[in-house]
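Asks: One structure, pasted below without further comment.
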Amino acid sequence: MELAYGAYLSKYLRDALMSFVMKGVYRERFASTEMFYLDLWPFVAQALVVCNAAASRGVNRRLNAKPAVYVAQFDPQTAGPSKLSTNGAEWRRWRSLLSQGFAPSYLMGKVGMVVDGAGIFSDILGNHARKKELFKLEDAAIRFTLETLMKILLNDNLNYQREDHSVLGVIPNLATPEAGPYCYHLLSSHPVALQRLCEEHTQVFGSDPANASSLLRSSNASKHLNNLPYTVAILKETLRMYPPDGAFRTGSAAVQLVYRAGTRYPTEGCVVSVEHMLYTQTPTRTRTQTPSIHRDGSMGKVW
């Protein structure tokens with residue numbers, strides 16, 4: 001089935017996420033198959049778009065090579081090869097170098113830096129709210145994230161939340177903290193969930209929000225964080241509904257993806273694109289786009 005992709009682009013804002021455009025294409029033309037080919041030659045290689053959970057698991061098990069386009073996309077931002085663009089032995093080497101930085105014990109030692117940045121972030125949001133100003137929440141979240149990363153990685157406070165630094169201009173596409181703004185959006189749309197979240201925070205940190213900072217800096221910080229099941233559930237549900245990104249893999253002559261009806265989709269010569277946002281919302285899944293979390297933090301009940 002052929003379609004004019006440009007016609008779909010015209011329906012969206014110029015800076016709209018491509019995942020939302022793909023969502024429109026999928027729902028209007030390919031909801032019954034949950035997989036389709038997309039040819040945008042000469043801009044990118046032909047892609048097999050996967051919106052089916054079972055097929056996506058097959059991609060993860062059988063297709064591990066990242067496409068060559070990742071080199072052009074990420075290497076200029078990382079000043080050379082990195083875990084983002086490499087495969088095989090080189091990828092494993094990068095993973096071993098970086099894995100210690102993600103160890104729970106190491107990350108818990110950096111909670112204080114995150115708390116510092118969160119305090120500034122909260123002040124900035126509060127100032128905008130008091131002035132009733134319209135602003136881009138994503139921009140503020142990016143600055144918070146990058147400032148915190150610079151503290152942790154370089155032990156350097158660039159004060160990026162309040163000051164501009166051109167050297168960081170190339171990073172946001174790589175580290176955009178999209179989950180935060182979506183989380184705020186969902187909570188503002190579901191006041192009952194927001195109330196439950198506040199109740200959990202009051203139970204763990206006390207009625208004075210200022211106490212949270214000192215408790216998270218204490219030696220018992222992990223204990224307090226582990227007592228926030230509803231908060232974790234909200235974050236996970238937000239990521240389910242609005243995953244930050246999909247996954248691209250290089251196809252193979254040896255791999256064909258099979259849909260339930262038996263239709264086979266060859267992957268040779270294609271970039272296989274797993275659309276996480278779409279396969280969590282397909283009509284064949286019992287889960288829907290409606291966010292759902294139980295009071296105890298488990299999934300299943302509408303907010």
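Please note that chains go A, B, ... in the order of the structure tokens, that every chain numbers its residues from 1, and that ligands are numbered from 1 in the order shown.
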Within 6 Å of segment 265-271 of chain A, counting only C-alpha atoms, which residues show up once you throw out same-chain ones fewer than 6 positions away? Write them as an NGL selection string, please.
Replies: :A and (46-47 or 249-253 or 256-257)
Asks: Those residues with N, CA, C and O atoms, as a tab-separated table (two decimals), in the first residue's frame please?
Replies:
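Listed below is the output, out-v7.tsv:
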chain	number	residue	atom	x	y	z
A	46	GLN	N	15.45	2.53	3.16
A	46	GLN	CA	14.11	1.99	3.37
A	46	GLN	C	14.01	1.39	4.76
A	46	GLN	O	14.92	0.72	5.25
A	47	ALA	N	12.88	1.64	5.42
A	47	ALA	CA	12.70	1.17	6.79
A	47	ALA	C	11.51	0.23	6.88
A	47	ALA	O	10.49	0.43	6.21
A	249	ARG	N	17.69	-0.96	13.95
A	249	ARG	CA	18.63	-2.05	13.77
A	249	ARG	C	18.80	-2.34	12.28
A	249	ARG	O	17.90	-2.09	11.48
A	250	THR	N	19.94	-2.88	11.92
A	250	THR	CA	20.22	-3.24	10.53
A	250	THR	C	19.58	-4.58	10.22
A	250	THR	O	19.77	-5.56	10.95
A	251	GLY	N	18.82	-4.65	9.12
A	251	GLY	CA	18.17	-5.89	8.73
A	251	GLY	C	19.16	-6.94	8.25
A	251	GLY	O	20.35	-6.67	8.03
A	252	SER	N	18.67	-8.16	8.06
A	252	SER	CA	19.52	-9.28	7.67
A	252	SER	C	18.76	-10.20	6.73
A	252	SER	O	17.54	-10.39	6.87
A	253	ALA	N	19.49	-10.79	5.78
A	253	ALA	CA	18.87	-11.75	4.86
A	253	ALA	C	18.34	-12.97	5.60
A	253	ALA	O	17.44	-13.65	5.11
A	256	GLN	N	13.37	-12.78	8.87
A	256	GLN	CA	12.07	-12.30	8.42
A	256	GLN	C	11.15	-12.22	9.63
A	256	GLN	O	11.11	-13.12	10.45
A	257	LEU	N	10.42	-11.12	9.72
A	257	LEU	CA	9.47	-10.96	10.82
A	257	LEU	C	8.11	-11.47	10.35
A	257	LEU	O	7.68	-11.19	9.23
Asks: Any idea what the distance is between atom CA of Tyr259 of chain A and atom CA of Ala54 of chain A?
Replies: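 We find that atom CA of Tyr259 of chain A and atom CA of Ala54 of chain A lie 8.5 Å from each other.
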Asks: List every residue of segment 49-148 of chain A that DSSP, applied to the backbone of this structure, places in alpha helix (DSSP H), and write the result as a PyMOL selection string.
Replies: chain A and resi 53-62+69-78+88-99+104-108+111-131+137-148
Asks: Mind checking DSSP for segment 108-296 of chain A and telling me the strand (DSSP E) residues as JSON, numbers by chain?
Replies: {"A": [247, 248, 249, 250, 256, 257, 258, 264, 265, 266, 271, 272, 273, 274]}
Asks: Using only C-alpha atoms, which residues sit within 10 Å of Phe20 of chain A once same-chain residues fewer than 4 positions away are excluded, as an mmCIF file with N, CA and C atoms, in the first residue's frame?
Replies:
data_model
loop_
_atom_site.group_PDB
_atom_site.id
_atom_site.type_symbol
_atom_site.label_atom_id
_atom_site.label_comp_id
_atom_site.auth_asym_id
_atom_site.auth_seq_id
_atom_site.Cartn_x
_atom_site.Cartn_y
_atom_site.Cartn_z
ATOM 1 N N LEU A 9 2.927 14.868 6.793
ATOM 2 C CA LEU A 9 3.764 15.885 7.424
ATOM 3 C C LEU A 9 3.059 17.229 7.484
ATOM 4 N N TYR A 12 1.066 18.404 10.676
ATOM 5 C CA TYR A 12 1.706 18.603 11.965
ATOM 6 C C TYR A 12 2.562 19.870 11.958
ATOM 7 N N ALA A 16 7.287 19.008 15.135
ATOM 8 C CA ALA A 16 6.624 17.884 15.798
ATOM 9 C C ALA A 16 7.528 16.657 15.794
ATOM 10 N N GLY A 24 0.176 8.747 13.147
ATOM 11 C CA GLY A 24 -0.910 9.031 12.227
ATOM 12 C C GLY A 24 -0.904 8.106 11.029
ATOM 13 N N VAL A 25 0.283 7.871 10.463
ATOM 14 C CA VAL A 25 0.408 6.950 9.331
ATOM 15 C C VAL A 25 -0.071 5.556 9.726
ATOM 16 N N TYR A 26 0.386 5.109 10.870
ATOM 17 C CA TYR A 26 0.047 3.758 11.334
ATOM 18 C C TYR A 26 -1.455 3.593 11.557
ATOM 19 N N MET A 277 6.355 3.696 20.963
ATOM 20 C CA MET A 277 5.117 4.401 21.279
ATOM 21 C C MET A 277 3.909 3.721 20.651
ATOM 22 N N LEU A 278 4.100 3.120 19.485
ATOM 23 C CA LEU A 278 2.975 2.526 18.774
ATOM 24 C C LEU A 278 2.670 1.115 19.242
#
Asks: Just to confirm, what's the straight-line distance from atom CA of Phe102 of chain A to atom CA of Val114 of chain A in Å (one decimal)?
Replies: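 Atom CA of Val114 of chain A lies at a distance of 14.5 Å from atom CA of Phe102 of chain A.
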Asks: Identify, on the basis of only C-alpha atoms, every residue whose closest approach to segment 115-129 of chain A does not exceed 12 Å; exclude the query and any residue fewer than 4 positions from it along the same chain; express the result as a PyMOL selection string.
Replies: chain A and resi 108-111+133-152+157-162+180-181+184+209-218+221
Asks: Report, in Å to a single decimal, how far apart atom CA of Ala179 of chain A and atom CA of Pro244 of chain A are.
Replies: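 Pair atom CA of Pro244 of chain A / atom CA of Ala179 of chain A returns 6.8 Å.
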Asks: From the list A:Asn64, A:Ser82, A:Ser222, A:Gly112, which residue is nearest Leu98 of chain A when using only C-alpha atoms?
Replies: A:Ser82
Asks: Quick one: residues within 9 Å of Arg240 of chain A, only C-alpha atoms counted, chain neighbours fewer than 2 positions away excluded, as a list in words?
Replies: Leu235, Lys236, Glu237, Thr238, Tyr242, Pro243, His276, Met277, Thr280 and Pro291 of chain A
Asks: Which one is closest to His185 of chain A: A:Leu17, A:Ile234, A:Leu225, A:Leu40? Count only C-alpha atoms.
Replies: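 So, comparing all the options, the nearest one is A:Ile234.
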